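J.: Would you mind keeping the following structure in view while I ask a few things?
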Amino acid sequence: MIFFISLHPECPNANFIFSGSQRHLMSKMFLSPSRPFYQSVVPMSLEPIPFDRYWTFAESQFAKNGGRRITKDVVEEVHSHFVGVTANVQRIMNILYMQTPAGEVCTKDMIAPAIDTYLQMSSEAYETLLRQMPEKQRNVFLAIAAEGRVKSISGGQFVRKYRLPSVSSVVSAVKGLLEKDFITETDGEYYVYDHFFRLWMQRRQII
């Protein structure tokens, strides 16, 4: 941060682009009056890559080495399942590519095993993350994961439904979870940022 602050005045003819997928962190950096970059940028929100463009990209990448093919309905289902979030789509597409033999076709029945493969690879890491969370943060995290998306995070109904200790403790836990990127917030709704983490908890019947 200090490096960019010092560099900016020395490069008056240069344009800087700051990008990130964590909206709350980007907002803190550039939209908070207490931060040095406040009002120094023009915010721009990028929407997910449209399906048609992602389909064209995926098809070309599968064909590039080994003449693999992937059907359009496979890309459409993966893209839809992960709501166009590039990082999540890319993780599964990489596994599908590795599991498709050269010259063969990737089909829809390969999607579920690909997701299972990723969850198995990440299982130990998720177990560790969950175990190392402070108890109050873990309880709130599990409640948010079980709910899916929470709008009234400090509302009495949410607190009572998941038997959380108090509104103030929930607010404190949410702050910590946001800082550690376990959850994120978009348009007033809080949810688990890592889709695979939530899916892993569902498979393990933790939520």
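Residues in the structure tokens are named by chain (A, B, ... in the order shown) and by number from 1 within that chain; ligands are numbered from 1 in the order shown.
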Just the residues within 10 Å of Ile153 of chain A, please, counting only C-alpha atoms, with nothing from its chain fewer than 3 positions along; format it as a PyMOL selection string.

T.: chain A and resi 140+144+149-150+156-159+167+170-171+174+188-190

J.: Looking only at the backbone, which of the residues in segment 65-122 of chain A does DSSP tag as helix (DSSP H, G or I), as a PyMOL selection string?

T.: chain A and resi 72-81+86-99+108-122

J.: May I ask which of the residues A:Phe51, A:Phe62, A:Tyr191, A:Tyr162 is the closest one to Gly103 of chain A, counting only C-alpha atoms?

T.: A:Phe62

J.: Find the residues around Met26 of chain A up to 12 Å (only C-alpha atoms counted), leave out those fewer than 6 positions away in its own chain, and share them as a ChimeraX atom specification.

T.: /A:18-20,32,35,37-38,41-45,179,184-185

J.: May I ask which of the residues A:Ser34, A:Ser40, A:Phe57, A:Met121 is the closest one to Ile17 of chain A, counting only C-alpha atoms?

T.: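 Once distances to Ile17 of chain A are computed over only C-alpha atoms, the minimum belongs to A:Ser40.
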
J.: Taking the DSSP assignment computed from this structure's backbone, write out as a PyMOL selection string all residues of segment 12-154 of chain A that belong to strand (DSSP E or B).

T.: chain A and resi 69-70+105-106+150

J.: Could you jot down the atom CA of Arg68 of chain A to atom CA of Tyr97 of chain A separation for me, Å, one decimal place?

T.: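 For atom CA of Arg68 of chain A relative to atom CA of Tyr97 of chain A, the distance reads 8.0 Å.
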
J.: Work out how far atom CA of Val85 of chain A is from atom CA of Leu178 of chain A, in Å to one decimal.

T.: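 A separation of 18.8 Å between them.
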
J.: Would you mind listing what lies within 12 Å of Phe182 of chain A as number ranges by chain, with only C-alpha atoms counted and same-chain residues fewer than 2 positions away left out?

T.: A: 22, 126, 129-130, 133, 137-138, 140-142, 144-145, 173-180, 184-185, 190-198

J.: Return the single residue from A:Gln202, A:Ser169, A:Gln39, A:Ile49 that is closest to Ala87 of chain A, with distances computed using only C-alpha atoms.

T.: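 Among the listed residues, the smallest separation from Ala87 of chain A belongs to A:Ile49.
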
J.: Compare A:Ala125, A:Ile111, A:Val83, A:Met201 by their minimum atom-to-atom distance to Ala146 of chain A, counting only C-alpha atoms, and give me the closest one.

T.: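 With only C-alpha atoms as the atom set, the closest residue is A:Met201.
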
J.: Using only C-alpha atoms, which protein or nucleic acid residues come within 10 Å of Ile92 of chain A? Drop anything in the same chain fewer than 6 positions from it, and give the result as a ChimeraX atom specification.

T.: /A:75,78-79,82,98,111-118

J.: Interatomic distance between atom CA of Glu104 of chain A and atom CA of Arg69 of chain A?

T.: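 Rounded to one decimal, the two atoms are 6.3 Å apart.
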
J.: Considering only C-alpha atoms, can you say which of A:Lys136, A:Thr186, A:Asn13, A:Ser80 comes closest to Ser27 of chain A?

T.: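 Distance minimum relative to Ser27 of chain A lands on A:Thr186.
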